[in-house]
Each structure stands twice: as C-alpha cells, then as structure tokens.
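**Student:** Quick one: structure below, then a few questions.
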Amino acid sequence: MEMLFDIRVDSGAKYRARGDDTLTLKEKDWCVVRKDFYLDFGQVDKVLNEQPTDAEKAEMPKIQRKATVVDQGKAHENQMRGKSALRTSSQFVERLNLPMKLINAHYSFDGKLITIQFSADGRVDFRELVKQLSHAMNTRIELRQIGVRDETAIMGGIAVCGRPLCCCAFLKEFASINVRMAKEQDLSLTPSTISGLCGRLKCCLKYEHAGYLEMDKTMPRRGDCCECKEGR
C-alpha cells in the first residue's frame, strides 16, 4: 500500500511524494525519489496518514528507496557541487548585470538537473543566463523565482519573540495577512513593530485574530459604562 510523504531537499524546497509502506520510512529519514526524468535526494519532513488517489499517482514523484550510506555520501558530494554551481552562477549574473539575488543551487541526485532559486523585485528575463549556464555546466538548468517570505523561510533566523522563525520551524504555507488584522488587535501600526525579518507583515498576526474578533462581539466600546460587582 502506498502512502503520502512530504519531502524536503537541501535547498529548503518541499514537495509531496508517494511511497510504499514497506519502506518503513519515518520523519527525518533520507530517501531517493524519482521525479520526472531524474532522481532526487531528500529527507522525509512529514509522514501523512493518507493514500494517493489514482489521479495523483500519475503526476506525483515516487520514493524509490530509503537512502543508504553510499547514497548519503553521493548526496554530500552533490551539495559541494551545488555550492560551486552557485558561485559560477553568481559570476554569470554579475556579467549579464541581471537584477536578481541568487539564494542556493540544488543538484539532483543523478546530476541531470541543477535547480537555482533566486529572489528579485520584479520579473527577470533570465533566458540568456540559462543558456550560458547550461553550456558552462553541461547539464539542464532550472531557475526558480521565490518571494521574500520563502527566502526568509530558507535562510532562517530568530524572531523578536526570541524563538526560531515560524516560517522555517513549522509553517507549511503562508496565510493572507493585512494591516487590518493589526488594527483589530489594537496593535501599534509602526512598520518595524508589525513586520517580520522578511519585511512583510508578521505571520503571527493571524494566530489570534479570530479570537480577537470573537471577543470584540461582546466587549464594551471605549467610553461605555460597565456594571461591575464594585458598582458602575
């Protein structure tokens, strides 16, 4: 019987894969995954107690095996190759004067694909960059633009509360957050107060928002008189 697993690769990217329950995979285990035309290497981030549907099976990556010591050694070599590829890519970006910030480079397990993640303020025409990198590294290149919140989740850090950032600790997806949430919680609207390290509104504004809205239905308004046991 097949089960669903959340897989995380060394670049911080995640995807969902299916695998046979006879593999006895658990969280933190390393595994080799078949994705499209190449093999990938990643760590089990979460074991889902769900089975893939027939429609999902056709498109979803499949876990081939639990990683051996030899597999892990090869994956470590790929990490070193990824760092070298990132340095090379940075040189090409500088040469082409492209307005983009490279974050990391991930080699597939079999070396058939290099995935490079980057951030930028707007859309970037990187066709010439891909062409030159493919020629220089003699392999297929995939450039993937991510947002500043995703970048911060990959880089990690400590929030003002003193704990690791929620986005790299447990959040699986980013909820929609707006300034109105801060207003309804009677928080200071100073940007430095309600913004996280990524420069966007803090994810934790969402956590207690529903509770504030529920409490607001029965709480008196400012200036209202209240009846207490000590009197009015």
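Labeling convention for the structure tokens: chains A, B, ... as they appear, residues from 1 per chain, ligands from 1 in order of appearance.
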Considering only C-alpha atoms, return as a PyMOL selection string whatever protein or nucleic-acid residues lie within 12 Å of A:Lys14, sequence-local ones (same chain, fewer than 2 positions apart) excluded.

**Tutor:** chain A and resi 5-12+16-17+40-46+61+150+153-154+168+172-173

**Student:** Next, the residues of the selection above should be written as a CSV table (one decimal), in the first residue's frame with C-alpha atoms.

**Tutor:**
```
chain,number,residue,atom,x,y,z
A,5,PHE,CA,5.1,11.9,2.4
A,6,ASP,CA,6.3,15.5,2.5
A,7,ILE,CA,9.9,15.6,1.3
A,8,ARG,CA,12.4,18.4,1.9
A,9,VAL,CA,15.6,18.8,-0.2
A,10,ASP,CA,18.8,20.6,0.9
A,11,SER,CA,17.7,23.9,-0.7
A,12,GLY,CA,14.7,24.1,1.6
A,16,ARG,CA,4.8,15.7,-1.8
A,17,ALA,CA,5.7,12.2,-2.9
A,40,ASP,CA,16.3,13.4,-6.4
A,41,PHE,CA,17.5,13.1,-2.8
A,42,GLY,CA,15.6,14.4,0.2
A,43,GLN,CA,14.5,14.0,3.8
A,44,VAL,CA,11.1,12.9,5.0
A,45,ASP,CA,9.6,16.1,6.6
A,46,LYS,CA,6.3,14.5,7.4
A,61,PRO,CA,7.0,11.8,-7.5
A,150,ASP,CA,10.0,32.0,1.1
A,153,ALA,CA,12.0,30.6,5.5
A,154,ILE,CA,15.0,29.0,3.8
A,168,CYS,CA,11.2,27.8,9.0
A,172,LYS,CA,3.7,24.8,5.8
A,173,GLU,CA,2.1,27.6,3.8
```

**Student:** Residues within 9 Å of A:His106, please, as a list in words. Count only C-alpha atoms; anything in the same chain fewer than 6 positions from it doesn't count.

**Tutor:**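 Skipping anything fewer than 6 positions along the chain leaves Val9, Asp10, Ser11, Asn78, Gln79, Arg81, Gly82, Lys83, Ala85, Leu86, Leu113, Ile114, Thr115, Ile116 and Gln117 of chain A.
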
**Student:** One number please: atom CA of A:Arg18 to atom CA of A:Phe109, in Å, one decimal.

**Tutor:** 17.7 Å

**Student:** Determine which residues of stretch 2-230 of chain A receive a DSSP assignment of strand (DSSP E or B), computed from the backbone, and state them as a PyMOL selection string.

**Tutor:** chain A and resi 2-8+14-20+30-35+38-48+62-66+101-107+113-119+140-145+158+164+195+201+228

**Student:** Please produce a file of those selected residues containing C-alpha atoms, as a tab-separated table (two decimals), in the first residue's frame.

**Tutor:**
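Output saved as out06.tsv:
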```tsv
chain	number	residue	atom	x	y	z
A	2	GLU	CA	1.26	3.46	-0.90
A	3	MET	CA	1.34	6.43	1.50
A	4	LEU	CA	1.97	10.15	1.09
A	5	PHE	CA	5.11	11.88	2.36
A	6	ASP	CA	6.31	15.49	2.49
A	7	ILE	CA	9.91	15.64	1.26
A	8	ARG	CA	12.42	18.44	1.91
A	14	LYS	CA	9.45	20.87	-0.34
A	15	TYR	CA	7.19	18.64	-2.38
A	16	ARG	CA	4.82	15.74	-1.84
A	17	ALA	CA	5.74	12.21	-2.90
A	18	ARG	CA	4.23	8.76	-2.68
A	19	GLY	CA	5.98	5.68	-1.40
A	20	ASP	CA	5.27	2.08	-0.47
A	30	TRP	CA	16.65	10.22	3.89
A	31	CYS	CA	15.38	8.76	0.65
A	32	VAL	CA	15.88	8.65	-3.12
A	33	VAL	CA	12.91	9.92	-5.15
A	34	ARG	CA	12.01	9.53	-8.82
A	35	LYS	CA	10.86	12.89	-10.23
A	38	TYR	CA	15.67	12.49	-12.86
A	39	LEU	CA	16.35	11.12	-9.39
A	40	ASP	CA	16.26	13.40	-6.38
A	41	PHE	CA	17.51	13.08	-2.80
A	42	GLY	CA	15.62	14.42	0.19
A	43	GLN	CA	14.54	13.99	3.77
A	44	VAL	CA	11.10	12.93	4.99
A	45	ASP	CA	9.63	16.07	6.55
A	46	LYS	CA	6.30	14.51	7.45
A	47	VAL	CA	4.55	11.16	7.09
A	48	LEU	CA	0.93	11.68	6.07
A	62	LYS	CA	7.64	8.29	-6.18
A	63	ILE	CA	10.09	7.31	-3.46
A	64	GLN	CA	12.41	4.61	-4.80
A	65	ARG	CA	14.18	3.55	-1.62
A	66	LYS	CA	15.44	4.57	1.78
A	101	LYS	CA	19.73	37.65	-5.91
A	102	LEU	CA	20.78	34.00	-6.06
A	103	ILE	CA	19.90	32.05	-2.93
A	104	ASN	CA	21.00	28.44	-3.48
A	105	ALA	CA	21.65	25.76	-6.07
A	106	HIS	CA	20.42	22.18	-5.76
A	107	TYR	CA	21.89	19.29	-7.75
A	113	LEU	CA	19.31	18.90	-13.25
A	114	ILE	CA	20.50	21.94	-11.30
A	115	THR	CA	17.71	23.97	-9.67
A	116	ILE	CA	18.71	27.52	-8.73
A	117	GLN	CA	16.43	29.59	-6.52
A	118	PHE	CA	16.58	33.38	-6.63
A	119	SER	CA	14.66	36.42	-5.49
A	140	ARG	CA	19.98	21.13	-17.57
A	141	ILE	CA	19.33	24.31	-15.55
A	142	GLU	CA	16.08	25.37	-13.90
A	143	LEU	CA	15.81	28.87	-12.43
A	144	ARG	CA	13.01	29.35	-9.90
A	145	GLN	CA	11.99	32.75	-8.53
A	158	ILE	CA	15.41	34.36	15.27
A	164	PRO	CA	13.12	30.50	15.58
A	195	SER	CA	6.84	43.48	10.26
A	201	LEU	CA	3.64	41.61	7.99
A	228	CYS	CA	-19.08	45.55	37.91
```

**Student:** From a backbone DSSP assignment, name each residue in stretch 28-100 of chain A labelled helix (DSSP H, G or I), as a count of residues only.

**Tutor:** 34

**Student:** Taking 4 positions as the minimum chain separation for residues in the same chain, which residues sit within 12 Å of A:Gly156 when counting only C-alpha atoms? Answer as a list in words.

**Tutor:**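 Surrounding residues, per the criterion: Gly12, Val148, Arg149, Asp150, Glu151, Thr152, Arg163, Pro164, Leu165, Cys166, Cys167, Cys168, Ala169, Phe170, Gly196, Leu197 and Cys198 of chain A.
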
**Student:** Could you take the residues named above and write them with C-alpha atoms, as a short mmCIF file (atom, residue, chain, number, x, y, z; two decimals), in the first residue's frame?

**Tutor:**
```cif
data_model
loop_
_atom_site.label_atom_id
_atom_site.label_comp_id
_atom_site.auth_asym_id
_atom_site.auth_seq_id
_atom_site.Cartn_x
_atom_site.Cartn_y
_atom_site.Cartn_z
CA GLY A 12 14.75 24.09 1.62
CA VAL A 148 10.95 37.24 0.20
CA ARG A 149 8.88 35.23 2.68
CA ASP A 150 10.05 31.98 1.09
CA GLU A 151 13.61 33.27 1.07
CA THR A 152 13.46 34.05 4.78
CA ARG A 163 12.12 31.87 19.02
CA PRO A 164 13.12 30.50 15.58
CA LEU A 165 11.09 32.00 12.75
CA CYS A 166 7.69 30.31 12.35
CA CYS A 167 8.18 30.05 8.59
CA CYS A 168 11.21 27.78 8.96
CA ALA A 169 10.02 25.97 12.09
CA PHE A 170 6.51 24.69 11.41
CA GLY A 196 8.99 40.37 10.36
CA LEU A 197 12.59 39.86 9.23
CA CYS A 198 11.35 39.42 5.66
#
```
